[in-house]
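Listing of final-v3.txt, compact mmCIF, C-alpha atoms
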```txt
# COMPACT_ATOMS: atom_id res chain seq x y z
CA MET T 29 129.25 72.63 118.30
CA SER T 30 128.22 70.49 115.33
CA THR T 31 126.46 67.14 115.42
CA THR T 32 127.66 64.12 113.52
CA HIS T 33 125.59 61.94 111.23
CA SER T 34 125.64 59.19 113.87
CA GLN T 35 123.77 61.48 116.27
CA VAL T 36 120.90 62.01 113.86
CA GLU T 37 118.27 59.67 112.48
CA PRO T 38 118.41 60.78 108.84
CA ASN T 39 115.27 61.53 106.85
CA LEU T 40 117.03 62.67 103.67
CA THR T 41 117.78 59.14 102.47
CA THR T 42 117.16 59.21 98.74
CA ASP T 43 119.63 60.31 96.12
CA ALA T 44 117.06 62.84 94.93
CA ASP T 45 116.93 64.45 98.39
CA LEU T 46 120.71 64.62 98.66
CA LYS T 47 120.88 66.18 95.21
CA ALA T 48 118.21 68.67 96.27
CA VAL T 49 120.34 69.80 99.21
CA ASP T 50 123.20 70.37 96.81
CA GLN T 51 120.84 72.16 94.40
CA LEU T 52 119.63 74.50 97.16
CA LYS T 53 123.19 75.42 98.06
CA ARG T 54 124.10 76.03 94.41
CA SER T 55 120.87 77.97 93.82
CA ALA T 56 121.58 80.21 96.81
CA LEU T 57 125.08 80.91 95.47
CA ALA T 58 123.61 81.73 92.06
CA ILE T 59 121.02 84.07 93.64
CA ARG T 60 123.76 85.86 95.59
CA ALA T 61 125.78 86.24 92.38
CA GLU T 62 122.80 87.82 90.61
CA LEU T 63 122.07 90.10 93.57
CA ALA T 64 125.72 91.22 93.55
CA LYS T 65 125.09 92.87 90.17
CA VAL T 66 123.00 95.46 92.01
CA ILE T 67 123.54 94.99 95.77
CA VAL T 68 126.82 95.57 97.59
CA GLY T 69 127.45 93.71 100.86
CA MET T 70 124.37 92.99 103.03
CA ASP T 71 125.51 89.37 103.49
CA ASP T 72 123.52 88.70 106.67
CA PRO T 73 120.25 90.30 105.46
CA ILE T 74 120.51 88.38 102.19
CA ASP T 75 121.07 85.07 104.01
CA GLN T 76 118.12 85.74 106.31
CA VAL T 77 115.82 86.69 103.42
CA LEU T 78 116.80 83.47 101.60
CA ILE T 79 116.04 81.45 104.74
CA ALA T 80 112.59 83.08 104.88
CA VAL T 81 112.00 82.17 101.23
CA PHE T 82 113.01 78.53 101.62
CA THR T 83 110.96 78.09 104.82
CA ARG T 84 107.75 79.61 103.36
CA SER T 85 107.94 82.47 105.87
CA HIS T 86 107.71 86.26 106.02
CA ALA T 87 110.36 88.77 107.09
CA LEU T 88 110.44 92.38 108.29
CA LEU T 89 113.42 94.52 107.26
CA VAL T 90 114.21 97.46 109.52
CA GLY T 91 116.69 100.21 108.69
CA VAL T 92 117.03 103.93 108.06
CA PRO T 93 116.16 105.28 104.58
CA GLY T 94 118.63 104.78 101.76
CA LEU T 95 120.08 101.41 102.81
CA ALA T 96 118.64 99.55 99.76
CA LYS T 97 115.96 97.57 101.63
CA THR T 98 113.46 98.07 98.81
CA LEU T 99 116.13 97.46 96.17
CA LEU T 100 117.10 94.18 97.85
CA VAL T 101 113.54 92.84 97.75
CA SER T 102 112.80 93.97 94.19
CA THR T 103 116.10 92.55 92.94
CA LEU T 104 115.45 89.26 94.72
CA ALA T 105 112.12 89.06 92.88
CA GLN T 106 114.02 89.34 89.59
CA THR T 107 116.26 86.40 90.51
CA LEU T 108 113.19 84.25 91.23
CA HIS T 109 110.82 83.54 88.35
CA LEU T 110 107.84 84.78 90.38
CA SER T 111 105.22 87.52 90.23
CA PHE T 112 106.07 90.58 92.29
CA LYS T 113 104.03 93.51 93.65
CA ARG T 114 105.09 96.50 95.69
CA ILE T 115 102.54 98.06 98.05
CA GLN T 116 103.46 101.50 99.34
CA PHE T 117 101.72 101.86 102.70
CA THR T 118 100.25 105.30 103.43
CA PRO T 119 97.83 106.64 106.08
CA ASP T 120 94.93 106.67 103.58
CA LEU T 121 95.41 103.11 102.32
CA MET T 122 92.26 100.99 102.72
CA PRO T 123 92.10 97.19 103.24
CA SER T 124 90.43 96.74 99.84
CA ASP T 125 93.36 98.55 98.20
CA ILE T 126 95.44 95.53 99.23
CA THR T 127 93.11 92.55 99.10
CA GLY T 128 90.81 93.60 96.26
CA THR T 129 87.13 94.44 96.03
CA GLU T 130 83.83 93.28 94.53
CA VAL T 131 82.35 95.24 91.65
CA ILE T 132 79.06 94.89 89.81
CA TYR T 133 79.53 93.19 86.44
CA GLN T 134 76.84 93.32 83.75
CA ASN T 135 76.80 90.53 81.16
CA PRO T 136 76.61 92.28 77.76
CA GLY T 137 74.57 89.43 76.28
CA THR T 138 71.96 88.85 78.98
CA ASN T 139 72.23 92.16 80.86
CA GLU T 140 72.37 90.07 84.02
CA ARG T 141 74.22 91.76 86.86
CA THR T 142 76.53 89.83 89.19
CA PHE T 143 79.30 90.63 91.62
CA LYS T 144 82.82 90.07 90.35
CA PHE T 145 85.91 90.03 92.56
CA LEU T 146 88.82 92.13 91.32
CA LYS T 147 92.02 90.87 92.91
CA GLY T 148 94.25 93.34 94.72
CA PRO T 149 98.06 93.54 94.59
CA ILE T 150 98.41 90.94 97.37
CA PHE T 151 97.73 88.26 94.75
CA ALA T 152 101.39 87.85 93.81
CA ASN T 153 104.17 85.48 94.87
CA ILE T 154 106.41 88.14 96.42
CA ILE T 155 104.90 91.14 98.17
CA LEU T 156 107.02 94.13 99.15
CA ALA T 157 105.06 95.86 101.93
CA ASP T 158 106.95 99.16 101.96
CA GLU T 159 106.82 101.10 105.26
CA ILE T 160 104.13 98.84 106.72
CA ASN T 161 103.98 100.96 109.89
CA ARG T 162 102.66 103.99 107.97
CA THR T 163 99.13 102.64 107.52
CA PRO T 164 96.31 102.42 110.12
CA PRO T 165 95.73 99.23 112.15
CA LYS T 166 92.66 98.17 110.12
CA THR T 167 94.70 97.99 106.91
CA GLN T 168 97.64 96.37 108.69
CA ALA T 169 95.28 93.72 110.09
CA ALA T 170 93.90 92.91 106.62
CA MET T 171 97.42 92.49 105.30
CA LEU T 172 98.61 90.37 108.20
CA GLU T 173 95.49 88.20 108.18
CA SER T 174 96.11 87.40 104.53
CA MET T 175 99.73 86.56 105.38
CA GLN T 176 98.63 84.12 108.06
CA GLU T 177 95.70 82.48 106.29
CA ARG T 178 97.21 82.68 102.78
CA LYS T 179 93.80 83.55 101.39
CA VAL T 180 91.40 86.49 101.03
CA SER T 181 87.75 86.01 102.00
CA VAL T 182 85.26 88.29 100.21
CA GLY T 183 81.50 87.79 100.13
CA GLY T 184 81.80 84.42 101.85
CA VAL T 185 84.17 83.11 99.17
CA ASP T 186 87.78 82.15 99.92
CA ASN T 187 90.27 83.28 97.29
CA PRO T 188 93.57 81.44 97.82
CA LEU T 189 96.79 83.38 97.38
CA PRO T 190 99.39 82.01 94.94
CA ASP T 191 101.99 79.52 96.10
CA PRO T 192 104.78 80.24 96.88
CA PHE T 193 103.76 83.38 98.73
CA PHE T 194 105.85 85.48 101.07
CA VAL T 195 105.77 89.04 102.35
CA LEU T 196 108.93 91.06 102.83
CA ALA T 197 107.96 94.21 104.71
CA THR T 198 110.11 97.26 105.44
CA GLN T 199 109.99 99.67 108.36
CA ASN T 200 111.80 102.92 109.13
CA PRO T 201 112.95 102.98 112.79
CA ILE T 202 113.63 106.70 113.14
CA GLU T 203 110.56 108.55 111.82
CA GLN T 204 107.85 107.60 114.30
CA GLU T 205 105.59 110.64 113.85
CA GLY T 206 102.45 109.66 111.97
CA THR T 207 103.19 105.94 112.17
CA TYR T 208 101.20 103.01 113.56
CA PRO T 209 103.62 100.53 115.17
CA LEU T 210 102.71 96.88 114.62
CA PRO T 211 101.33 95.18 117.76
CA GLU T 212 103.42 92.36 119.20
CA ALA T 213 100.85 89.73 118.14
CA GLN T 214 101.19 90.86 114.54
CA LEU T 215 104.98 91.17 114.67
CA ASP T 216 105.05 87.54 115.79
CA ARG T 217 103.82 86.49 112.34
CA PHE T 218 107.15 87.49 110.82
CA MET T 219 109.84 84.83 111.15
CA PHE T 220 112.63 87.41 111.16
CA MET T 221 113.12 91.03 112.04
CA ILE T 222 116.16 91.80 109.91
CA TYR T 223 118.33 94.80 110.77
CA VAL T 224 119.84 96.49 107.72
CA ASP T 225 122.83 98.50 108.93
CA TYR T 226 125.05 101.12 107.33
CA PRO T 227 127.64 99.76 104.86
CA SER T 228 131.29 99.42 105.78
CA ASP T 229 133.92 101.85 104.45
CA ALA T 230 134.84 99.55 101.54
CA GLU T 231 131.20 98.74 100.77
CA GLU T 232 130.22 102.42 100.70
CA MET T 233 132.99 103.14 98.21
CA ALA T 234 131.84 100.22 96.04
CA ILE T 235 128.24 101.47 96.19
CA MET T 236 129.29 104.93 95.02
CA LYS T 237 131.23 103.49 92.08
CA MET T 238 128.45 101.06 91.11
CA ALA T 239 125.60 103.58 91.36
CA THR T 240 127.41 106.32 89.41
CA GLY T 241 129.01 104.09 86.79
CA VAL T 242 127.87 101.83 83.96
CA PRO T 243 125.32 99.20 85.11
CA SER T 244 126.92 95.77 85.49
CA GLY T 245 123.93 93.91 84.09
CA LYS T 246 120.35 92.97 84.91
CA PRO T 247 119.82 90.12 87.38
CA GLU T 248 118.62 86.93 85.70
CA PRO T 249 116.06 84.44 87.09
CA VAL T 250 117.61 81.49 88.91
CA LEU T 251 114.66 79.50 90.31
CA THR T 252 111.09 78.85 89.16
CA ALA T 253 108.03 78.61 91.41
CA GLU T 254 107.98 74.81 91.10
CA GLU T 255 111.64 74.54 92.10
CA ILE T 256 111.10 76.78 95.13
CA LEU T 257 108.12 74.67 96.28
CA ASP T 258 110.20 71.50 95.93
CA LEU T 259 113.07 73.01 97.94
CA GLN T 260 110.64 74.15 100.66
CA GLN T 261 109.52 70.53 101.04
CA ILE T 262 113.13 69.33 101.24
CA VAL T 263 113.80 71.82 104.05
CA ARG T 264 110.85 70.33 105.97
CA ARG T 265 112.38 66.84 105.65
CA MET T 266 115.78 67.92 106.96
CA PRO T 267 116.63 65.73 110.01
CA VAL T 268 116.91 67.31 113.46
CA ALA T 269 118.42 65.50 116.46
CA GLU T 270 116.65 65.46 119.82
CA HIS T 271 119.37 67.50 121.52
CA VAL T 272 118.94 70.26 118.90
CA TYR T 273 115.21 70.39 119.64
CA ALA T 274 116.07 70.54 123.35
CA TYR T 275 118.52 73.40 122.77
CA ALA T 276 115.94 75.45 120.83
CA GLU T 277 113.31 74.78 123.50
CA LYS T 278 115.69 75.85 126.26
CA LEU T 279 116.55 79.11 124.47
CA VAL T 280 112.86 79.99 124.25
CA ARG T 281 111.86 78.97 127.77
CA VAL T 282 114.59 80.94 129.56
CA THR T 283 113.18 84.16 128.02
CA ARG T 284 109.89 83.92 129.94
CA PRO T 285 110.21 85.93 133.16
CA GLN T 286 107.22 84.23 134.80
CA SER T 287 108.73 80.76 134.27
CA PRO T 288 110.91 79.05 136.91
CA GLU T 289 113.32 78.26 134.06
CA ALA T 290 113.84 81.96 133.26
CA ALA T 291 117.33 83.40 133.44
CA ASP T 292 117.78 86.03 136.18
CA PHE T 293 118.58 88.77 133.68
CA CYS T 294 115.40 87.92 131.73
CA LYS T 295 113.37 88.33 134.93
CA LYS T 296 115.09 91.66 135.45
CA TRP T 297 114.71 93.10 131.94
CA LEU T 298 111.72 91.44 130.26
CA THR T 299 107.98 91.86 130.67
CA TRP T 300 107.19 89.00 128.29
CA GLY T 301 109.37 86.39 126.61
CA ALA T 302 109.15 84.55 123.32
CA GLY T 303 106.09 82.41 122.51
CA PRO T 304 105.92 78.93 120.96
CA ARG T 305 106.20 80.33 117.44
CA ALA T 306 109.78 81.37 118.27
CA GLY T 307 110.76 77.74 118.87
CA LEU T 308 109.13 76.62 115.62
CA ASN T 309 110.98 79.32 113.72
CA LEU T 310 114.30 78.49 115.38
CA ILE T 311 114.08 74.91 114.09
CA LEU T 312 112.79 75.82 110.63
CA ALA T 313 115.35 78.56 110.09
CA ALA T 314 118.15 76.33 111.38
CA LYS T 315 117.12 73.65 108.87
CA ALA T 316 117.29 76.11 105.97
CA ARG T 317 120.60 77.56 107.20
CA ALA T 318 122.11 74.08 107.36
CA MET T 319 121.00 73.35 103.80
CA LEU T 320 122.32 76.69 102.54
CA THR T 321 125.75 75.68 103.82
CA GLY T 322 125.47 72.22 102.25
CA GLN T 323 124.91 70.25 105.48
CA PHE T 324 122.65 67.20 105.65
CA TYR T 325 121.83 67.68 109.35
CA VAL T 326 121.10 70.53 111.77
CA SER T 327 123.47 71.50 114.58
CA CYS T 328 123.01 73.66 117.68
CA ASP T 329 125.26 76.20 115.95
CA ASP T 330 122.63 76.60 113.24
CA VAL T 331 119.99 77.33 115.88
CA ALA T 332 122.22 79.87 117.65
CA ALA T 333 123.03 81.59 114.35
CA VAL T 334 119.37 82.46 113.67
CA ALA T 335 118.38 83.40 117.25
CA LEU T 336 119.00 87.16 117.00
CA PRO T 337 116.53 88.01 114.19
CA ILE T 338 113.95 85.57 115.63
CA PHE T 339 114.03 86.92 119.21
CA ARG T 340 114.51 90.57 118.22
CA HIS T 341 110.78 91.36 117.91
CA ARG T 342 109.52 88.76 120.40
CA LEU T 343 111.23 89.91 123.61
CA ILE T 344 109.18 92.63 125.30
CA LEU T 345 111.53 94.86 127.30
CA ASN T 346 110.44 96.49 130.55
CA PHE T 347 111.29 99.95 131.88
CA ALA T 348 114.43 98.71 133.64
CA ALA T 349 115.91 97.49 130.35
CA GLN T 350 114.99 100.69 128.55
CA SER T 351 116.48 102.87 131.30
CA GLU T 352 119.74 100.89 131.10
CA SER T 353 119.77 101.01 127.27
CA VAL T 354 119.61 97.21 127.08
CA THR T 355 118.33 95.90 123.73
CA ALA T 356 116.67 92.64 122.74
CA ASP T 357 119.88 91.72 120.91
CA ASP T 358 121.91 92.25 124.10
CA ILE T 359 119.60 89.92 126.00
CA THR T 360 119.66 87.30 123.22
CA ARG T 361 123.47 87.27 123.22
CA ARG T 362 123.47 86.74 126.99
CA ILE T 363 120.99 83.89 126.57
CA LEU T 364 123.26 82.22 124.00
CA GLU T 365 126.15 82.51 126.47
CA ALA T 366 124.05 81.22 129.38
CA VAL T 367 122.66 78.13 127.60
CA PRO T 368 125.61 75.89 126.71
CA LYS T 369 125.16 73.63 123.70
CA ASP T 370 127.18 70.79 125.25
CA GLU T 371 124.66 70.27 128.04
CA MET T 372 121.97 69.28 125.56
CA LEU T 373 123.91 66.12 124.68
CA LYS T 374 123.76 64.80 128.26
```
Re-express the file's structure as structure tokens.
Amino acid sequence: MSTTHSQVEPNLTTDADLKAVDQLKRSALAIRAELAKVIVGMDDPIDQVLIAVFTRSHALLVGVPGLAKTLLVSTLAQTLHLSFKRIQFTPDLMPSDITGTEVIYQNPGTNERTFKFLKGPIFANIILADEINRTPPKTQAAMLESMQERKVSVGGVDNPLPDPFFVLATQNPIEQEGTYPLPEAQLDRFMFMIYVDYPSDAEEMAIMKMATGVPSGKPEPVLTAEEILDLQQIVRRMPVAEHVYAYAEKLVRVTRPQSPEAADFCKKWLTWGAGPRAGLNLILAAKARAMLTGQFYVSCDDVAAVALPIFRHRLILNFAAQSESVTADDITRRILEAVPKDEMLK
């Protein structure tokens, strides 16, 4: 169900804001067109990655090898006029390999020795954290702390990361030997867990023809860093009606099995439900989704559309769910059916 403008107290009142909404929609279409030069299909993952970009958030892409997760992120970096670094996570990777390290620097004129900080690869606008579950917890923690704080502290000095800054991490779900799964508290720092699935029959044929034929062209930059920062601010100012906030809150609260508001099936299948960050991300992602479709307001439909990748890594399944082969996506779909949007208007 969609809201009407009369149901919302608008915050996007200036002509510049309204033009910015239109610019974001056109920019997203242009980015998709550039990605299509290299990427076939992947409509939902692309939309979700764009939402993460325009909400100043991070995303985790999960899929088996060979589904172009890395190619998607590196190509996206080409369509945005931003610095890009790829970090290949391995069991021997140290925290300083990511954040940087202090070295002794000798002034050639005075021979005075001082410590100098050499920045690591995390000092870029877009970070591709490839196979983030292949490195030990200490290195994962250094990476995720930098993601949260948006700075690196060395020798008592804070070194701010560039803005915009977002991490797009990848994870292989099938090879678990020699991996270090991310704890739930660290997974919670990602707005989305994005599933990258196998291509359809038509898409697989198109991939074969594209990859074995003449390249169709190199993706061109569409947005600059300043434009992305401006669009992120416009997303924040997108109006949200009270009943949409209430709908997002209800979706989150029914997941908590210890709560009296919990749905019966959540009590049956979940050990822990989604935390407050899930509600924040539902609203933020819904705002960006509305803007990507050219809307000037957020509806309950926008919230429902982003629920799967937001709840996917935040619902902790118990043994009963695992024994019945129930997934977090199955539970989220049942929640969306059990919480009617119309009731929020009453």
Query - Protein, DNA and RNA residues within 12 Å of (116.3, 85.0, 101.3), only C-alpha atoms, as a PyMOL selection string - result: chain T and resi 52+55-57+59-60+63+70-89+100-105+107-108+154+194-196+219-220+222+256+313+316-317+320
Requested in this report: Considering only C-alpha atoms, return as a VMD selection string whatever protein or nucleic-acid residues lie within 10 Å of Gln286 of chain T, sequence-local ones (same chain, fewer than 4 positions apart) excluded.
Outcome: chain T and resid 281 to 282 290 294 to 295 298 to 301
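Atom CA of Met175 of chain T is found 11.3 Å from atom CA of Ala157 of chain T.
The closest residue to Val334 of chain T, picked from T:Leu364, T:Leu172, T:Ala197, T:Val250 and counting all atoms listed in the file, is T:Leu364.
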Segment 339-352 of chain T: which residues within 10 Å, counting all atoms listed in the file, same-chain residues fewer than 6 positions away excluded, as a compact mmCIF listing (two decimals) with C-alpha atoms, keeping the file's coordinate frame?
```
# COMPACT_ATOMS: atom_id res chain seq x y z
CA LEU T 88 110.44 92.38 108.29
CA GLU T 212 103.42 92.36 119.20
CA ALA T 213 100.85 89.73 118.14
CA LEU T 215 104.98 91.17 114.67
CA ASP T 216 105.05 87.54 115.79
CA PHE T 218 107.15 87.49 110.82
CA MET T 219 109.84 84.83 111.15
CA PHE T 220 112.63 87.41 111.16
CA MET T 221 113.12 91.03 112.04
CA ILE T 222 116.16 91.80 109.91
CA TYR T 223 118.33 94.80 110.77
CA LEU T 279 116.55 79.11 124.47
CA VAL T 280 112.86 79.99 124.25
CA THR T 283 113.18 84.16 128.02
CA ARG T 284 109.89 83.92 129.94
CA PHE T 293 118.58 88.77 133.68
CA CYS T 294 115.40 87.92 131.73
CA LYS T 295 113.37 88.33 134.93
CA LYS T 296 115.09 91.66 135.45
CA TRP T 297 114.71 93.10 131.94
CA LEU T 298 111.72 91.44 130.26
CA THR T 299 107.98 91.86 130.67
CA TRP T 300 107.19 89.00 128.29
CA GLY T 301 109.37 86.39 126.61
CA ALA T 302 109.15 84.55 123.32
CA GLY T 303 106.09 82.41 122.51
CA ARG T 305 106.20 80.33 117.44
CA ALA T 306 109.78 81.37 118.27
CA GLY T 307 110.76 77.74 118.87
CA ASN T 309 110.98 79.32 113.72
CA LEU T 310 114.30 78.49 115.38
CA ASP T 358 121.91 92.25 124.10
CA ILE T 359 119.60 89.92 126.00
CA THR T 360 119.66 87.30 123.22
```
**Report entry** Close residues, Gln199 of chain T itself excluded, 9 Å, only C-alpha atoms, min 6 positions apart in chain, as a PyMOL selection string
**Finding:** chain T and resi 88-92+157-162
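Note that the spacing between atom CA of Ala269 of chain T and atom CA of Met319 of chain T amounts to 15.1 Å.
Residue neighbourhood of Phe145 of chain T, excluding near-sequence residues (fewer than 5 positions): Gly128, Thr129, Glu130, Val131, Ile132, Tyr133, Val182, Gly183, Val185 and Asn187 of chain T, at 10 Å, using all atoms listed in the file.
Residues in contact with Ala253 of chain T at up to 9 Å, not including ones fewer than 4 positions away on its chain and judged by all atoms listed in the file, are Leu108, His109, Leu110, Asn153, Asp191, Pro192, Leu257 and Asp258 of chain T.
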Go ahead and save the residues from that selection, with C-alpha atoms, as a PDB file, keeping the file's coordinate frame.
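Here's the written file again-v4.pdb:
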```pdb
ATOM      1  CA  LEU T 108     113.190  84.250  91.230  1.00  0.00           C
ATOM      2  CA  HIS T 109     110.820  83.540  88.350  1.00  0.00           C
ATOM      3  CA  LEU T 110     107.840  84.780  90.380  1.00  0.00           C
ATOM      4  CA  ASN T 153     104.170  85.480  94.870  1.00  0.00           C
ATOM      5  CA  ASP T 191     101.990  79.520  96.100  1.00  0.00           C
ATOM      6  CA  PRO T 192     104.780  80.240  96.880  1.00  0.00           C
ATOM      7  CA  LEU T 257     108.120  74.670  96.280  1.00  0.00           C
ATOM      8  CA  ASP T 258     110.200  71.500  95.930  1.00  0.00           C
TER       9      ASP T 258
END
```
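Taking atom CA of Phe151 of chain T and atom CA of Arg114 of chain T as the two end points, the separation is 11.1 Å.
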Please determine an axis-aligned box that encloses all atoms of segment 107-111 of chain T listed in the file, with 3 Å added on each side, and express its centre and edge lengths in Å to one decimal as AutoDock Vina command-line options.
```
--center_x 110.7 --center_y 85.5 --center_z 89.8 --size_x 17.0 --size_y 10.0 --size_z 8.9
```
